[in-house]
Amino acid sequence: MSGNTVTGPRGLSSWPDWLPVALALVASAVVIQLLTGLWLLTAAYAGAVLVFALALRTLAARNAVPARENLAPPDWSVTVSAIERDNMAAVITDGAGRVVCANTRYGEWFGFDSAPPDLALDDASNERLREAAREAWRTGACRVESLVGTSGRWHADVRRAGRGQDYLVWELAPVEMVDLGARVTRQLGDKLGKALSRAGIQAAAVNADGEIMGANKDFLRRATGDSESELAGREFVEFLTADDYERIFYAREGTSGEDLRLLHFPIADPDLPVDDSAPSLFLILDGGIRASDSAALPEIEALLALLPLGLAMTDRDGRFLFANKAFRRAAGLEEQGEIPPFPSDLVVREDKGPFADAIRRHAAGSSSAGAMPVRLEASPDEPVTLSLAGVRGLGDAAVLLSLKDTTEETRLKRQVAQATKMQAVGQLAGGVAHDFNNVLTAIIGYCDLMLLRHAPGDSDYDDIQQIKANSNRAASLTRQLLAFSRQQTLRPQVLQLPDVVSEVSNLLKRLIGEKIQLRVDHDRALGAVRADPQQLEQVIINLAVNARDAMMSKSDSDGGVLTISTRRIGPRDVRAMKNEVLPPANYTALVVEDTGTGIPADALGKIFEPFYTTKEMGKGTGLGLSTVYGIVKQSGGYIFADSHPGEGARFAVYLPVHVPVAGSEPARKQAEAEPRAVFGGTGAILLVEDEDTVRAVAERALTRQGYKVTTAKDGEEGLQIVRDGGEFDMVISDVVMPTMDGPAMAREIRELKPDLPVLFMSGYAEEQLRREIDFTGMHFLPKPFSVAQIGKKVGAILGEHAAAAKPAETGDGSM
């Protein structure tokens, strides 16, 4: 016998375990016999003990549990082999959502680094997977249908598994995609094509390249004269022609034949996104249609039900005969519910009469088509386009209705119109700011020159200072215009948003007053952003001032709370927001919230427009939020406003997290480092400026500092001076000038003087002009500038140029 055999529970399973019990039983029986001398009593005692021992053994054997000592950890390689399928992706995740193991198909279709529910699917599908995971953890299993991904559609089954039910098993099977184009092509060559031919309707399926995929016999007969000809791969349009009145005929019959009416339907699954590569079905009608055959109507209905376009048919009395799912959905009807008797029941009361008249007119007249805008009762605020076509030869059917849901199209049109308007206003603002900067440059420059002749205490000194101060205020206004039009010069740096908020917090406390409480809250581990810190401070100040005004405008205002917070936003957070504008990425968000009066719903879409304000007359310029919008957009970020009247407003600015490129930042810092200023000096300068006042101010400022200045009023004159032998140490030029602009002139001069430094000055932003003026030895000075600023800039450039040329000269001399 083998020693591994197990016959009972532990402790009572073998003969050695029973030996002490048996000896005890015998001993006790002997003692009773000696004491009583009654054999009958002794036998009864021994039998009772034996029965009790046997019952105890049986009970122990029944309740025995095999020991599971030293249980081995799971062998996932065996699990992978078990879930390996050719037609299904399988993956197992733990309670933290991590992938434990997956089969080959899962890796090929979704990647081993991706764990459900964050797969290569659209946002709605991933959200449904998240709900399925929660349901599976709660109930044990869940199924999700029709998940849409970049490479197809899927069904998913999720279930809990494992000894402790602490794993999820995901199985994703691809949905077999039906080739509707091939199906329609086969039907045209079969009974459906015969039914259409019997009704006098020619039909052809055409692919996205305009090539015929298939056609019914009536089309083949009319197009080629032979109903058995093969046209697959031929161009559809080569069988058609048109006259001067844009009437269409068969090319074989010419303009003497019947003119044709073409009905075009895209062949695509209505549950999938619009595909421009989908084939099309053309139904061709003419005046030569024979008597109708009502038997063809069910076949036509079956065909129309496949098409994603909303289609319906009515009889000659205007009653509904049929409506496909797309039509019901666009009309706001239940897909399986009853449709009303008449199409006019779908529209608002004002459109019922004209719509019913149009249907009767198309039903009674010859084959014709038209379209009219109507407002549906399901959505009376959004007009839709409804097309009507009179048909013949389809039994009771007389009018074909096509309903196009234009809600999305209307929304996009409004967005495009708004974007176009903002762009046009931005261009106008940039142009006005540029011209205004030229004027301010002259005013500020002449003020500086006059101040050089007047000492403090002089009767005119304070007046000149007042003129200059107001000019600087006007310059600030032009910077706001440039910020809105995204044309200001930014000096971006890599920074942390909490540092910027901290820098401006003390100023904010003075701006908002003592009645308003300021709260600041920051997330941890925020990503760095790249932006101009001064412009970000301007954003925070403008939003805070607007919030202060909103809170103080309450009739019973006793202050309020202004909250400024920074948040870490990841791709998953962006997808959860379901914001179509904000692309999924890593952002650092700046959120400014108040407890003010809120923004009316009708004004929420206009608040970023320039000169739009909800404040009282004289209490706001309307440039605060437009400036914020321009700065954020020019910094590569996004801004959104959310408000409910009476509940305050919330502005969220999303700036992309900066990802440094190796070696780029030190080089940029070195390039942007300001050279040491050199005031005054000698040297010859060519000054090119088309604005007389700006040219005069710059010439006088540089002449006072000891430079020899030669002026030119445009690029052609400046280039000619150099060609005539003029020797200069530097060229100062405006960018935008008539005939020849500054960059074109500078390139021509550089061919003659390769090492000559060039300083461009302009009222436009440096970034906007960077492509035109980006070459070695180029410098930039934004307008408006003061006498001191242009002197400092010129001295610094000449000093830097001289320092760079000195080692080369020393080297030449040592040879």
# chains A, B, ... in the order shown; residues from 1 in each chain; ligands from 1
>>> residues_around(residues="Met730 in chain A", least_positions_apart="4", cutoff="8 Å", atoms="only C-alpha atoms", output="tab-separated table (two decimals) with N, CA and C atoms, in the first residue's frame")
chain	number	residue	atom	x	y	z
A	684	ALA	N	28.63	106.52	-36.91
A	684	ALA	CA	27.74	106.98	-37.98
A	684	ALA	C	26.54	106.05	-38.04
A	685	ILE	N	25.36	106.64	-38.07
A	685	ILE	CA	24.11	105.88	-38.04
A	685	ILE	C	23.25	106.28	-39.23
A	686	LEU	N	22.70	105.28	-39.92
A	686	LEU	CA	21.71	105.52	-40.97
A	686	LEU	C	20.33	105.29	-40.37
A	756	LEU	N	27.08	94.60	-40.67
A	756	LEU	CA	26.48	95.84	-40.19
A	756	LEU	C	25.27	95.51	-39.30
A	757	PRO	N	25.26	95.94	-38.02
A	757	PRO	CA	24.10	95.67	-37.16
A	757	PRO	C	22.89	96.51	-37.58
A	758	VAL	N	21.69	95.93	-37.37
A	758	VAL	CA	20.45	96.59	-37.76
A	758	VAL	C	19.51	96.61	-36.57
A	759	LEU	N	18.96	97.77	-36.25
A	759	LEU	CA	17.96	97.92	-35.20
A	759	LEU	C	16.62	98.27	-35.84
A	798	LEU	N	26.00	99.06	-30.19
A	798	LEU	CA	27.33	99.42	-30.70
A	798	LEU	C	28.42	98.91	-29.78
>>> residues_around(residues="range 93-97 of chain A", least_positions_apart="5", cutoff="7 Å", atoms="only C-alpha atoms", output="list of chain:residue names")
A:Ala115, A:Asp166, A:Tyr167, A:Leu168, A:Val169
>>> residues_around(residues="range 522-536 of chain A", least_positions_apart="2", cutoff="8 Å", atoms="only C-alpha atoms", output="PDB file with C-alpha atoms, in the first residue's frame")
ATOM      1  CA  LEU A 490       5.986  89.161 -25.075  1.00  0.00           C
ATOM      2  CA  ARG A 491       9.070  88.249 -23.057  1.00  0.00           C
ATOM      3  CA  PRO A 492       8.199  84.681 -22.035  1.00  0.00           C
ATOM      4  CA  GLN A 493       9.966  82.877 -19.212  1.00  0.00           C
ATOM      5  CA  VAL A 494       9.643  79.444 -17.655  1.00  0.00           C
ATOM      6  CA  LEU A 495       7.887  80.065 -14.340  1.00  0.00           C
ATOM      7  CA  GLN A 496       5.519  78.698 -11.716  1.00  0.00           C
ATOM      8  CA  LEU A 497       2.031  80.225 -11.508  1.00  0.00           C
ATOM      9  CA  PRO A 498       2.011  80.326  -7.668  1.00  0.00           C
ATOM     10  CA  VAL A 500       3.266  85.049 -10.054  1.00  0.00           C
ATOM     11  CA  VAL A 520      -5.412  81.830  -2.345  1.00  0.00           C
ATOM     12  CA  GLN A 538      -1.966  91.893 -15.859  1.00  0.00           C
ATOM     13  CA  VAL A 539      -4.348  88.959 -16.392  1.00  0.00           C
ATOM     14  CA  ILE A 540      -4.728  88.387 -12.645  1.00  0.00           C
ATOM     15  CA  SER A 565      -6.379  79.076  -7.087  1.00  0.00           C
ATOM     16  CA  THR A 566      -4.015  77.058  -9.231  1.00  0.00           C
ATOM     17  CA  ARG A 567      -4.829  73.523 -10.317  1.00  0.00           C
ATOM     18  CA  ARG A 568      -3.023  70.616 -11.941  1.00  0.00           C
ATOM     19  CA  TYR A 587      -2.124  72.076 -18.103  1.00  0.00           C
ATOM     20  CA  THR A 588      -1.607  74.345 -15.135  1.00  0.00           C
ATOM     21  CA  ILE A 631      -2.685  87.653 -23.528  1.00  0.00           C
ATOM     22  CA  SER A 635       0.638  82.660 -24.613  1.00  0.00           C
ATOM     23  CA  LEU A 655      -1.756  77.208 -19.776  1.00  0.00           C
ATOM     24  CA  PRO A 656       0.066  74.204 -21.267  1.00  0.00           C
ATOM     25  CA  VAL A 657       2.776  72.688 -19.095  1.00  0.00           C
ATOM     26  CA  HIS A 658       6.181  73.596 -20.482  1.00  0.00           C
TER      27      HIS A 658
END
>>> residues_around(residues="Gly637 in chain A", least_positions_apart="3", cutoff="8 Å", atoms="only C-alpha atoms", output="VMD selection string")
chain A and resid 632 to 634 653 to 656
>>> closest_residue(among="A:Gly200, A:Gly570, A:Gly596, A:Gly210", to="Asp558 in chain A", atoms="only C-alpha atoms")
A:Gly596
>>> select_by_dssp(residues="range 704-760 of chain A", states="strand (DSSP E or B)", output="number ranges by chain")
A: 708-712, 730-734, 758-760
>>> residues_around(residues="Ile790 in chain A", least_positions_apart="5", cutoff="12 Å", atoms="only C-alpha atoms", output="PyMOL selection string")
chain A and resi 441+444-445+448+677-680+694+697-705+732+759-761+779-785+795-797
>>> select_by_dssp(residues="range 164-384 of chain A", states="helix (DSSP H, G or I)", output="PyMOL selection string")
chain A and resi 180-188+191-198+217-224+236-239+254-256+294-306+325-331+343-346+349-364
>>> residues_around(residues="Ser471 in chain A", least_positions_apart="3", cutoff="10 Å", atoms="only C-alpha atoms", output="list in words")
Val439, Leu440, Thr441, Ile443, Ile444, Cys447, Gln465, Gln466, Ile467, Lys468, Ala474, Ala475, Ser476, Leu477 and Pro784 of chain A
>>> residues_around(residues="Ala102 in chain A", least_positions_apart="5", cutoff="8 Å", atoms="only C-alpha atoms", output="list in words")
Val80, Ile83, Ala89, Ala90, Val91, Ile92, Gly107 and Phe112 of chain A
>>> atom_distance(atom1="CA of Pro117 in chain A", atom2="CA of Trp170 in chain A")
10.0 Å
>>> atom_distance(atom1="CA of Glu727 in chain A", atom2="CA of Val709 in chain A")
11.3 Å
>>> closest_residue(among="A:Leu50, A:Ile564, A:Val148, A:Ala141", to="Ala120 in chain A", atoms="only C-alpha atoms")
A:Val148
>>> decode(residues="range 499-516 of chain A", atoms="N, CA and C atoms", output="PDB file, in the first residue's frame")
ATOM      1  N   ASP A 499       4.142  81.484  -8.002  1.00  0.00           N
ATOM      2  CA  ASP A 499       5.084  82.585  -7.789  1.00  0.00           C
ATOM      3  C   ASP A 499       4.515  83.900  -8.320  1.00  0.00           C
ATOM      4  N   VAL A 500       3.864  83.841  -9.478  1.00  0.00           N
ATOM      5  CA  VAL A 500       3.266  85.049 -10.054  1.00  0.00           C
ATOM      6  C   VAL A 500       2.129  85.545  -9.165  1.00  0.00           C
ATOM      7  N   VAL A 501       1.283  84.604  -8.683  1.00  0.00           N
ATOM      8  CA  VAL A 501       0.187  84.997  -7.795  1.00  0.00           C
ATOM      9  C   VAL A 501       0.728  85.624  -6.517  1.00  0.00           C
ATOM     10  N   SER A 502       1.804  85.053  -5.992  1.00  0.00           N
ATOM     11  CA  SER A 502       2.390  85.597  -4.765  1.00  0.00           C
ATOM     12  C   SER A 502       2.915  87.011  -4.983  1.00  0.00           C
ATOM     13  N   GLU A 503       3.541  87.262  -6.140  1.00  0.00           N
ATOM     14  CA  GLU A 503       4.091  88.587  -6.425  1.00  0.00           C
ATOM     15  C   GLU A 503       3.004  89.656  -6.458  1.00  0.00           C
ATOM     16  N   VAL A 504       1.826  89.300  -6.949  1.00  0.00           N
ATOM     17  CA  VAL A 504       0.785  90.289  -7.160  1.00  0.00           C
ATOM     18  C   VAL A 504      -0.228  90.331  -6.012  1.00  0.00           C
ATOM     19  N   SER A 505      -0.094  89.429  -5.030  1.00  0.00           N
ATOM     20  CA  SER A 505      -1.098  89.335  -3.957  1.00  0.00           C
ATOM     21  C   SER A 505      -1.192  90.621  -3.143  1.00  0.00           C
ATOM     22  N   ASN A 506      -0.051  91.209  -2.768  1.00  0.00           N
ATOM     23  CA  ASN A 506      -0.085  92.430  -1.958  1.00  0.00           C
ATOM     24  C   ASN A 506      -0.777  93.562  -2.698  1.00  0.00           C
ATOM     25  N   LEU A 507      -0.510  93.660  -4.002  1.00  0.00           N
ATOM     26  CA  LEU A 507      -1.174  94.692  -4.794  1.00  0.00           C
ATOM     27  C   LEU A 507      -2.676  94.442  -4.865  1.00  0.00           C
ATOM     28  N   LEU A 508      -3.061  93.174  -4.979  1.00  0.00           N
ATOM     29  CA  LEU A 508      -4.483  92.850  -5.063  1.00  0.00           C
ATOM     30  C   LEU A 508      -5.224  93.243  -3.796  1.00  0.00           C
ATOM     31  N   LYS A 509      -4.600  93.033  -2.652  1.00  0.00           N
ATOM     32  CA  LYS A 509      -5.274  93.369  -1.394  1.00  0.00           C
ATOM     33  C   LYS A 509      -5.594  94.853  -1.330  1.00  0.00           C
ATOM     34  N   ARG A 510      -4.697  95.690  -1.871  1.00  0.00           N
ATOM     35  CA  ARG A 510      -4.969  97.128  -1.891  1.00  0.00           C
ATOM     36  C   ARG A 510      -6.030  97.475  -2.935  1.00  0.00           C
ATOM     37  N   LEU A 511      -6.045  96.727  -4.058  1.00  0.00           N
ATOM     38  CA  LEU A 511      -7.003  97.029  -5.120  1.00  0.00           C
ATOM     39  C   LEU A 511      -8.433  96.658  -4.751  1.00  0.00           C
ATOM     40  N   ILE A 512      -8.613  95.504  -4.115  1.00  0.00           N
ATOM     41  CA  ILE A 512      -9.978  95.022  -3.870  1.00  0.00           C
ATOM     42  C   ILE A 512     -10.577  95.623  -2.604  1.00  0.00           C
ATOM     43  N   GLY A 513      -9.763  96.208  -1.730  1.00  0.00           N
ATOM     44  CA  GLY A 513     -10.291  96.864  -0.537  1.00  0.00           C
ATOM     45  C   GLY A 513     -10.432  95.909   0.635  1.00  0.00           C
ATOM     46  N   GLU A 514     -10.821  96.502   1.774  1.00  0.00           N
ATOM     47  CA  GLU A 514     -10.884  95.731   3.010  1.00  0.00           C
ATOM     48  C   GLU A 514     -12.150  94.894   3.121  1.00  0.00           C
ATOM     49  N   LYS A 515     -13.213  95.255   2.410  1.00  0.00           N
ATOM     50  CA  LYS A 515     -14.471  94.515   2.544  1.00  0.00           C
ATOM     51  C   LYS A 515     -14.425  93.155   1.866  1.00  0.00           C
ATOM     52  N   ILE A 516     -13.534  93.010   0.912  1.00  0.00           N
ATOM     53  CA  ILE A 516     -13.484  91.762   0.139  1.00  0.00           C
ATOM     54  C   ILE A 516     -12.346  90.906   0.677  1.00  0.00           C
TER      55      ILE A 516
END
